[in-house]
Amino acid sequence: MPAISNDWADALKEEYNKEYYRKLFNFVGREYATHKIFPPGDDIFNAFHMTPLHEVKCVIIGQDPYHNDGQAHGLSFSVRDGVEIPPSLVNIYKELKDDCGCYIPHTGNLTKWAKQGVLLLNAVLTVRAHQANSHQGMGWEEFTDAAIRAVNVLDKPVVYLLWGSYAGKKAQMLDNPKQLVLKAPHPSPLSAYRGFFGCKHFSKANEFLKAHGEEPIDWQIED
């Protein structure tokens, strides 16, 4: 696994010495050596590489990476340019259009968000090809929970967009009065109509950031 070299490295350094991480490191190494694993090894920590801890303004938590060929590149809900936009992201774009007036782009690459301080963090950072959730329970959740706790103690305004029951459970570790937690159903076609559509999380996030002296996020993904 590639090293994290920005300020996340210091925030997470204690994790590297823990027994669970040693087992996780060995497990992931074996998986990449013996199976087709997504994302590519160099992209595992892209969420951390693209969004340094001190720049985090917003956190969007996914469950695990996309498991079909060419999709995952280390950012939750995001896919590489030229890849068909997954159904959940289609619905995210629909809500963005209704909420903020953004046009719906032809790319699902959310790197622009990451570079503005949106931490696009999956709870599990790797997956076997075509086997959803195949790396759950192997230690990634403990590592990414440590990252969430590192954001929770920042002395700055941050907005958490927690979509679905899995992400919503992360709210129990968030207790910073300077930060805002927003929860809604998952944008999946199975649940988006139960309250994701109309949640207005994107405008609410920007209103909160502006009210606390932070630059709002430009949510428009360009073609």
# chains A, B, ... in the order shown; residues from 1 in each chain; ligands from 1

$ residues_around --residues "A:Phe197" --least-positions-apart "6" --cutoff "10 Å" --atoms "only C-alpha atoms" --output "JSON, numbers by chain"
{"A": [91, 92, 94, 95, 96, 98, 99, 184, 185, 186, 187, 191]}

$ write_last_selection --atoms "N, CA and C atoms" --output "tab-separated table (two decimals), in the first residue's frame"
chain	number	residue	atom	x	y	z
A	91	ASN	N	-28.26	9.80	-9.15
A	91	ASN	CA	-29.23	10.41	-8.24
A	91	ASN	C	-28.63	11.56	-7.45
A	92	ILE	N	-27.35	11.48	-7.11
A	92	ILE	CA	-26.67	12.61	-6.47
A	92	ILE	C	-26.71	13.82	-7.40
A	94	LYS	N	-28.89	14.40	-9.75
A	94	LYS	CA	-30.28	14.89	-9.83
A	94	LYS	C	-30.59	15.80	-8.64
A	95	GLU	N	-30.18	15.40	-7.45
A	95	GLU	CA	-30.41	16.22	-6.27
A	95	GLU	C	-29.63	17.53	-6.36
A	96	LEU	N	-28.41	17.46	-6.87
A	96	LEU	CA	-27.61	18.68	-7.04
A	96	LEU	C	-28.29	19.65	-8.00
A	98	ASP	N	-31.55	19.89	-8.61
A	98	ASP	CA	-32.74	20.45	-7.95
A	98	ASP	C	-32.36	21.40	-6.83
A	99	ASP	N	-31.29	21.08	-6.11
A	99	ASP	CA	-30.90	21.84	-4.92
A	99	ASP	C	-30.12	23.10	-5.28
A	184	ALA	N	-29.43	11.46	5.66
A	184	ALA	CA	-30.51	11.24	4.71
A	184	ALA	C	-30.45	9.80	4.24
A	185	PRO	N	-31.49	9.29	3.62
A	185	PRO	CA	-31.42	7.97	2.99
A	185	PRO	C	-30.34	7.93	1.92
A	186	HIS	N	-29.95	6.74	1.55
A	186	HIS	CA	-28.89	6.56	0.54
A	186	HIS	C	-29.41	6.98	-0.84
A	187	PRO	N	-28.52	7.52	-1.69
A	187	PRO	CA	-28.95	7.91	-3.04
A	187	PRO	C	-29.17	6.74	-4.00
A	191	SER	N	-33.53	3.56	-2.56
A	191	SER	CA	-33.92	4.35	-1.39
A	191	SER	C	-33.97	5.85	-1.61

$ select_by_dssp --residues "stretch 73-221 of chain A" --states "alpha helix (DSSP H)" --output "JSON, numbers by chain"
{"A": [87, 88, 89, 90, 91, 92, 93, 94, 95, 96, 97, 98, 99, 100, 111, 112, 113, 114, 140, 141, 142, 143, 144, 145, 146, 147, 148, 149, 150, 151, 152, 164, 165, 166, 167, 168, 201, 202, 203, 204, 205, 206, 207, 208, 209, 210, 211]}

$ write_last_selection --atoms "N, CA and C atoms" --output "compact mmCIF listing (two decimals), in the first residue's frame"
# COMPACT_ATOMS: atom_id res chain seq x y z
N PRO A 87 -25.59 4.34 -10.75
CA PRO A 87 -26.93 4.82 -10.41
C PRO A 87 -26.99 5.75 -9.20
N SER A 88 -26.23 5.46 -8.14
CA SER A 88 -26.27 6.35 -6.97
C SER A 88 -25.77 7.74 -7.31
N LEU A 89 -24.71 7.81 -8.13
CA LEU A 89 -24.18 9.11 -8.51
C LEU A 89 -25.12 9.84 -9.46
N VAL A 90 -25.82 9.10 -10.30
CA VAL A 90 -26.87 9.71 -11.13
C VAL A 90 -27.87 10.44 -10.24
N ASN A 91 -28.26 9.80 -9.15
CA ASN A 91 -29.23 10.41 -8.24
C ASN A 91 -28.63 11.56 -7.45
N ILE A 92 -27.35 11.48 -7.11
CA ILE A 92 -26.67 12.61 -6.47
C ILE A 92 -26.71 13.82 -7.40
N TYR A 93 -26.43 13.59 -8.68
CA TYR A 93 -26.47 14.69 -9.65
C TYR A 93 -27.88 15.26 -9.80
N LYS A 94 -28.89 14.40 -9.75
CA LYS A 94 -30.28 14.89 -9.83
C LYS A 94 -30.59 15.80 -8.64
N GLU A 95 -30.18 15.40 -7.45
CA GLU A 95 -30.41 16.22 -6.27
C GLU A 95 -29.63 17.53 -6.36
N LEU A 96 -28.41 17.46 -6.87
CA LEU A 96 -27.61 18.68 -7.04
C LEU A 96 -28.29 19.65 -8.00
N LYS A 97 -28.88 19.13 -9.06
CA LYS A 97 -29.57 20.00 -10.02
C LYS A 97 -30.77 20.67 -9.35
N ASP A 98 -31.55 19.89 -8.61
CA ASP A 98 -32.74 20.45 -7.95
C ASP A 98 -32.36 21.40 -6.83
N ASP A 99 -31.29 21.08 -6.11
CA ASP A 99 -30.90 21.84 -4.92
C ASP A 99 -30.12 23.10 -5.28
N CYS A 100 -29.16 22.96 -6.18
CA CYS A 100 -28.22 24.06 -6.44
C CYS A 100 -28.23 24.55 -7.88
N THR A 111 -13.10 14.31 -8.55
CA THR A 111 -11.82 14.86 -8.07
C THR A 111 -11.93 16.33 -7.72
N LYS A 112 -12.72 17.09 -8.47
CA LYS A 112 -12.89 18.52 -8.18
C LYS A 112 -13.38 18.74 -6.75
N TRP A 113 -14.31 17.90 -6.30
CA TRP A 113 -14.78 18.03 -4.92
C TRP A 113 -13.64 17.76 -3.94
N ALA A 114 -12.91 16.67 -4.18
CA ALA A 114 -11.84 16.28 -3.26
C ALA A 114 -10.82 17.41 -3.10
N TRP A 140 -10.25 -2.43 7.66
CA TRP A 140 -10.36 -1.09 7.07
C TRP A 140 -11.29 -0.19 7.89
N GLU A 141 -12.37 -0.75 8.42
CA GLU A 141 -13.32 0.08 9.14
C GLU A 141 -12.67 0.74 10.35
N GLU A 142 -11.77 0.01 11.03
CA GLU A 142 -11.09 0.60 12.18
C GLU A 142 -10.18 1.74 11.75
N PHE A 143 -9.53 1.56 10.61
CA PHE A 143 -8.63 2.59 10.09
C PHE A 143 -9.40 3.84 9.67
N THR A 144 -10.48 3.66 8.94
CA THR A 144 -11.23 4.83 8.47
C THR A 144 -12.01 5.49 9.61
N ASP A 145 -12.41 4.72 10.62
CA ASP A 145 -13.00 5.34 11.81
C ASP A 145 -11.98 6.25 12.50
N ALA A 146 -10.73 5.83 12.52
CA ALA A 146 -9.67 6.68 13.09
C ALA A 146 -9.55 7.98 12.31
N ALA A 147 -9.72 7.90 11.00
CA ALA A 147 -9.68 9.11 10.18
C ALA A 147 -10.87 10.03 10.50
N ILE A 148 -12.04 9.44 10.67
CA ILE A 148 -13.22 10.23 11.00
C ILE A 148 -13.05 10.90 12.35
N ARG A 149 -12.48 10.18 13.31
CA ARG A 149 -12.24 10.79 14.62
C ARG A 149 -11.22 11.93 14.52
N ALA A 150 -10.25 11.81 13.61
CA ALA A 150 -9.27 12.89 13.42
C ALA A 150 -9.95 14.14 12.89
N VAL A 151 -10.96 13.98 12.05
CA VAL A 151 -11.71 15.14 11.56
C VAL A 151 -12.58 15.71 12.68
N ASN A 152 -13.17 14.83 13.48
CA ASN A 152 -14.06 15.25 14.56
C ASN A 152 -13.37 16.17 15.56
N GLY A 164 -27.68 7.01 4.05
CA GLY A 164 -27.96 5.60 4.29
C GLY A 164 -27.64 5.20 5.71
N SER A 165 -28.14 4.02 6.10
CA SER A 165 -27.99 3.57 7.49
C SER A 165 -26.54 3.27 7.83
N TYR A 166 -25.77 2.75 6.89
CA TYR A 166 -24.37 2.40 7.17
C TYR A 166 -23.58 3.66 7.53
N ALA A 167 -23.66 4.68 6.68
CA ALA A 167 -22.96 5.92 6.97
C ALA A 167 -23.55 6.62 8.20
N GLY A 168 -24.86 6.52 8.34
CA GLY A 168 -25.52 7.18 9.45
C GLY A 168 -25.03 6.73 10.81
N HIS A 201 -28.88 18.68 0.98
CA HIS A 201 -27.63 18.64 1.75
C HIS A 201 -26.55 19.54 1.17
N PHE A 202 -26.53 19.71 -0.13
CA PHE A 202 -25.44 20.47 -0.74
C PHE A 202 -25.57 21.97 -0.43
N SER A 203 -26.78 22.50 -0.54
CA SER A 203 -26.96 23.91 -0.19
C SER A 203 -26.85 24.12 1.32
N LYS A 204 -27.34 23.17 2.10
CA LYS A 204 -27.21 23.29 3.56
C LYS A 204 -25.75 23.30 3.98
N ALA A 205 -24.94 22.44 3.34
CA ALA A 205 -23.51 22.41 3.65
C ALA A 205 -22.88 23.76 3.37
N ASN A 206 -23.18 24.33 2.22
CA ASN A 206 -22.58 25.62 1.86
C ASN A 206 -23.08 26.75 2.76
N GLU A 207 -24.34 26.71 3.13
CA GLU A 207 -24.86 27.73 4.05
C GLU A 207 -24.12 27.67 5.38
N PHE A 208 -23.88 26.46 5.86
CA PHE A 208 -23.15 26.30 7.13
C PHE A 208 -21.72 26.79 7.00
N LEU A 209 -21.05 26.42 5.93
CA LEU A 209 -19.66 26.84 5.74
C LEU A 209 -19.56 28.36 5.64
N LYS A 210 -20.44 28.98 4.86
CA LYS A 210 -20.39 30.44 4.72
C LYS A 210 -20.68 31.13 6.05
N ALA A 211 -21.63 30.58 6.80
CA ALA A 211 -21.99 31.18 8.09
C ALA A 211 -20.84 31.13 9.08

$ atom_distance --atom1 "atom CA of A:Gln172" --atom2 "atom CA of A:Thr126"
24.2 Å

$ closest_residue --among "A:Lys115, A:Leu161, A:Leu121, A:Met138" --to "A:Asp218" --atoms "only C-alpha atoms"
A:Lys115

$ atom_distance --atom1 "atom CA of A:His67" --atom2 "atom CA of A:Phe38"
6.4 Å

$ residues_around --residues "A:Gly29" --least-positions-apart "5" --cutoff "10 Å" --atoms "only C-alpha atoms" --output "MDAnalysis selection string"
chainID A and resid 1 23:24 34 41

$ closest_residue --among "A:Leu154, A:Ser134, A:Cys102, A:Ala11" --to "A:Glu31" --atoms "only C-alpha atoms"
A:Ser134

$ closest_residue --among "A:Gly195, A:Pro157, A:Gln220, A:Asp81" --to "A:Val181" --atoms "only C-alpha atoms"
A:Pro157

$ atom_distance --atom1 "atom CA of A:Trp163" --atom2 "atom CA of A:Ala123"
12.7 Å

$ select_by_dssp --residues "stretch 95-147 of chain A" --states "strand (DSSP E or B)" --output "PyMOL selection string"
chain A and resi 118-122+127-128+131

$ residues_around --residues "A:Ile85" --least-positions-apart "5" --cutoff "10 Å" --atoms "only C-alpha atoms" --output "list in words"
Gln71, Phe77, Ser78, Val79, Arg80, Val90, Asn91, Tyr93, Pro105, His106, Thr107, Gly108 and Asn109 of chain A

$ write_last_selection --atoms "N, CA and C atoms" --output "PDB file, in the first residue's frame"
ATOM      1  N   GLN A  71     -13.832   1.227 -12.608  1.00  0.00           N
ATOM      2  CA  GLN A  71     -14.645   2.235 -11.911  1.00  0.00           C
ATOM      3  C   GLN A  71     -13.899   2.928 -10.774  1.00  0.00           C
ATOM      4  N   PHE A  77     -18.087   7.231  -4.194  1.00  0.00           N
ATOM      5  CA  PHE A  77     -19.108   7.614  -5.174  1.00  0.00           C
ATOM      6  C   PHE A  77     -18.541   8.050  -6.527  1.00  0.00           C
ATOM      7  N   SER A  78     -17.232   8.208  -6.638  1.00  0.00           N
ATOM      8  CA  SER A  78     -16.598   8.732  -7.846  1.00  0.00           C
ATOM      9  C   SER A  78     -16.106   7.610  -8.751  1.00  0.00           C
ATOM     10  N   VAL A  79     -16.153   7.852 -10.070  1.00  0.00           N
ATOM     11  CA  VAL A  79     -15.564   6.928 -11.044  1.00  0.00           C
ATOM     12  C   VAL A  79     -14.657   7.712 -11.983  1.00  0.00           C
ATOM     13  N   ARG A  80     -13.800   6.997 -12.651  1.00  0.00           N
ATOM     14  CA  ARG A  80     -12.871   7.627 -13.591  1.00  0.00           C
ATOM     15  C   ARG A  80     -13.622   8.238 -14.780  1.00  0.00           C
ATOM     16  N   VAL A  90     -25.820   9.097 -10.301  1.00  0.00           N
ATOM     17  CA  VAL A  90     -26.866   9.711 -11.129  1.00  0.00           C
ATOM     18  C   VAL A  90     -27.871  10.442 -10.236  1.00  0.00           C
ATOM     19  N   ASN A  91     -28.262   9.795  -9.149  1.00  0.00           N
ATOM     20  CA  ASN A  91     -29.233  10.409  -8.243  1.00  0.00           C
ATOM     21  C   ASN A  91     -28.633  11.564  -7.451  1.00  0.00           C
ATOM     22  N   TYR A  93     -26.432  13.593  -8.675  1.00  0.00           N
ATOM     23  CA  TYR A  93     -26.466  14.685  -9.649  1.00  0.00           C
ATOM     24  C   TYR A  93     -27.876  15.259  -9.798  1.00  0.00           C
ATOM     25  N   PRO A 105     -23.516  16.555 -15.431  1.00  0.00           N
ATOM     26  CA  PRO A 105     -22.375  16.344 -16.326  1.00  0.00           C
ATOM     27  C   PRO A 105     -22.357  14.935 -16.916  1.00  0.00           C
ATOM     28  N   HIS A 106     -21.445  14.736 -17.828  1.00  0.00           N
ATOM     29  CA  HIS A 106     -21.292  13.421 -18.455  1.00  0.00           C
ATOM     30  C   HIS A 106     -20.146  12.621 -17.846  1.00  0.00           C
ATOM     31  N   THR A 107     -19.537  13.135 -16.787  1.00  0.00           N
ATOM     32  CA  THR A 107     -18.464  12.419 -16.101  1.00  0.00           C
ATOM     33  C   THR A 107     -18.835  12.198 -14.645  1.00  0.00           C
ATOM     34  N   GLY A 108     -18.407  11.070 -14.102  1.00  0.00           N
ATOM     35  CA  GLY A 108     -18.631  10.777 -12.688  1.00  0.00           C
ATOM     36  C   GLY A 108     -17.388  10.975 -11.837  1.00  0.00           C
ATOM     37  N   ASN A 109     -16.400  11.694 -12.378  1.00  0.00           N
ATOM     38  CA  ASN A 109     -15.142  11.918 -11.658  1.00  0.00           C
ATOM     39  C   ASN A 109     -15.310  13.101 -10.705  1.00  0.00           C
TER      40      ASN A 109
END

$ residues_around --residues "A:Asn68" --least-positions-apart "6" --cutoff "10 Å" --atoms "only C-alpha atoms" --output "list in words"
Ile37, Phe38, Pro39, Val127, Arg128, Ala129, His130, Gln131 and Ala132 of chain A

$ closest_residue --among "A:Ile60, A:Val153, A:Ala3, A:Leu190" --to "A:Met173" --atoms "only C-alpha atoms"
A:Val153

$ decode --residues "stretch 1-146 of chain A" --atoms "C-alpha atoms" --output "compact mmCIF listing (two decimals), in the first residue's frame"
# COMPACT_ATOMS: atom_id res chain seq x y z
CA MET A 1 0.00 0.00 0.00
CA PRO A 2 1.35 3.47 -0.83
CA ALA A 3 2.38 5.68 2.07
CA ILE A 4 0.27 8.67 3.07
CA SER A 5 2.68 11.59 3.07
CA ASN A 6 0.63 14.69 4.00
CA ASP A 7 -0.74 15.68 7.42
CA TRP A 8 -2.93 12.59 7.54
CA ALA A 9 0.25 10.58 8.14
CA ASP A 10 0.77 12.16 11.55
CA ALA A 11 -2.92 11.91 12.47
CA LEU A 12 -3.01 8.20 11.64
CA LYS A 13 0.49 7.15 12.68
CA GLU A 14 -0.67 5.32 15.81
CA GLU A 15 -2.83 3.05 13.67
CA TYR A 16 0.15 1.64 11.79
CA ASN A 17 1.53 0.08 14.99
CA LYS A 18 -1.69 -1.66 15.97
CA GLU A 19 -2.24 -5.38 15.53
CA TYR A 20 -5.33 -4.95 13.34
CA TYR A 21 -3.37 -2.81 10.87
CA ARG A 22 -0.55 -5.32 10.63
CA LYS A 23 -3.09 -8.02 9.79
CA LEU A 24 -4.87 -5.70 7.36
CA PHE A 25 -1.62 -4.80 5.61
CA ASN A 26 -0.72 -8.45 5.16
CA PHE A 27 -4.23 -9.36 4.02
CA VAL A 28 -4.35 -6.60 1.42
CA GLY A 29 -0.91 -7.56 0.12
CA ARG A 30 -2.02 -11.17 -0.34
CA GLU A 31 -5.23 -10.13 -2.03
CA TYR A 32 -3.47 -7.95 -4.60
CA ALA A 33 -0.99 -10.76 -5.25
CA THR A 34 -3.64 -13.44 -5.80
CA HIS A 35 -6.85 -11.72 -7.00
CA LYS A 36 -8.06 -8.80 -9.07
CA ILE A 37 -8.57 -6.02 -6.54
CA PHE A 38 -10.00 -2.51 -6.91
CA PRO A 39 -8.94 0.23 -6.85
CA PRO A 40 -5.43 -0.09 -8.29
CA GLY A 41 -2.92 -0.21 -5.45
CA ASP A 42 -1.62 3.31 -6.03
CA ASP A 43 -5.16 4.70 -5.65
CA ILE A 44 -6.09 3.10 -2.30
CA PHE A 45 -5.44 6.26 -0.30
CA ASN A 46 -6.51 8.84 -2.91
CA ALA A 47 -9.12 10.32 -0.56
CA PHE A 48 -6.33 11.23 1.86
CA HIS A 49 -3.85 12.27 -0.82
CA MET A 50 -6.29 14.64 -2.52
CA THR A 51 -7.85 16.10 0.63
CA PRO A 52 -5.28 16.87 3.35
CA LEU A 53 -6.68 16.80 6.87
CA HIS A 54 -6.29 20.55 7.46
CA GLU A 55 -8.28 21.26 4.28
CA VAL A 56 -11.32 19.08 5.11
CA LYS A 57 -14.59 21.02 4.94
CA CYS A 58 -17.01 18.22 4.18
CA VAL A 59 -17.03 14.43 4.61
CA ILE A 60 -19.05 12.07 2.40
CA ILE A 61 -18.87 8.46 3.56
CA GLY A 62 -19.38 5.48 1.25
CA GLN A 63 -19.33 1.80 2.12
CA ASP A 64 -16.75 0.13 -0.14
CA PRO A 65 -15.30 0.75 -3.61
CA TYR A 66 -17.10 0.03 -6.85
CA HIS A 67 -16.24 -3.54 -7.81
CA ASN A 68 -16.56 -3.51 -11.61
CA ASP A 69 -13.69 -2.97 -14.02
CA GLY A 70 -12.29 0.53 -14.34
CA GLN A 71 -14.65 2.23 -11.91
CA ALA A 72 -12.94 2.71 -8.54
CA HIS A 73 -10.13 5.20 -8.06
CA GLY A 74 -10.09 5.74 -4.33
CA LEU A 75 -12.86 8.33 -3.88
CA SER A 76 -16.30 7.38 -2.59
CA PHE A 77 -19.11 7.61 -5.17
CA SER A 78 -16.60 8.73 -7.85
CA VAL A 79 -15.56 6.93 -11.04
CA ARG A 80 -12.87 7.63 -13.59
CA ASP A 81 -13.53 9.78 -16.63
CA GLY A 82 -15.11 7.82 -19.45
CA VAL A 83 -16.78 5.31 -17.14
CA GLU A 84 -20.58 5.05 -17.06
CA ILE A 85 -21.97 7.03 -14.15
CA PRO A 86 -23.26 4.62 -11.46
CA PRO A 87 -26.93 4.82 -10.41
CA SER A 88 -26.27 6.35 -6.97
CA LEU A 89 -24.18 9.11 -8.51
CA VAL A 90 -26.87 9.71 -11.13
CA ASN A 91 -29.23 10.41 -8.24
CA ILE A 92 -26.67 12.61 -6.47
CA TYR A 93 -26.47 14.69 -9.65
CA LYS A 94 -30.28 14.89 -9.83
CA GLU A 95 -30.41 16.22 -6.27
CA LEU A 96 -27.61 18.68 -7.04
CA LYS A 97 -29.57 20.00 -10.02
CA ASP A 98 -32.74 20.45 -7.95
CA ASP A 99 -30.90 21.84 -4.92
CA CYS A 100 -28.22 24.06 -6.44
CA GLY A 101 -29.08 24.36 -10.11
CA CYS A 102 -26.04 22.38 -11.25
CA TYR A 103 -26.27 20.90 -14.72
CA ILE A 104 -25.85 17.14 -14.92
CA PRO A 105 -22.37 16.34 -16.33
CA HIS A 106 -21.29 13.42 -18.45
CA THR A 107 -18.46 12.42 -16.10
CA GLY A 108 -18.63 10.78 -12.69
CA ASN A 109 -15.14 11.92 -11.66
CA LEU A 110 -15.48 13.84 -8.38
CA THR A 111 -11.82 14.86 -8.07
CA LYS A 112 -12.89 18.52 -8.18
CA TRP A 113 -14.78 18.03 -4.92
CA ALA A 114 -11.84 16.28 -3.26
CA LYS A 115 -9.52 19.16 -4.16
CA GLN A 116 -11.91 21.63 -2.52
CA GLY A 117 -11.88 19.86 0.84
CA VAL A 118 -14.56 17.21 0.36
CA LEU A 119 -13.21 14.01 1.93
CA LEU A 120 -14.73 11.25 -0.21
CA LEU A 121 -14.07 8.40 2.18
CA ASN A 122 -15.18 4.81 1.82
CA ALA A 123 -15.33 2.90 5.11
CA VAL A 124 -13.60 -0.02 3.35
CA LEU A 125 -10.86 0.98 0.91
CA THR A 126 -10.43 -2.18 -1.22
CA VAL A 127 -12.64 -4.86 -2.78
CA ARG A 128 -12.30 -7.99 -4.90
CA ALA A 129 -13.43 -7.61 -8.48
CA HIS A 130 -17.15 -8.27 -8.85
CA GLN A 131 -17.56 -9.19 -5.17
CA ALA A 132 -19.19 -6.34 -3.28
CA ASN A 133 -18.27 -6.06 0.40
CA SER A 134 -15.62 -8.79 0.04
CA HIS A 135 -13.08 -6.86 2.17
CA GLN A 136 -15.46 -5.86 4.93
CA GLY A 137 -14.49 -6.79 8.46
CA MET A 138 -10.77 -7.10 7.68
CA GLY A 139 -9.66 -3.93 9.48
CA TRP A 140 -10.36 -1.09 7.07
CA GLU A 141 -13.32 0.08 9.14
CA GLU A 142 -11.09 0.60 12.18
CA PHE A 143 -8.63 2.59 10.09
CA THR A 144 -11.23 4.83 8.47
CA ASP A 145 -13.00 5.34 11.81
CA ALA A 146 -9.67 6.68 13.09
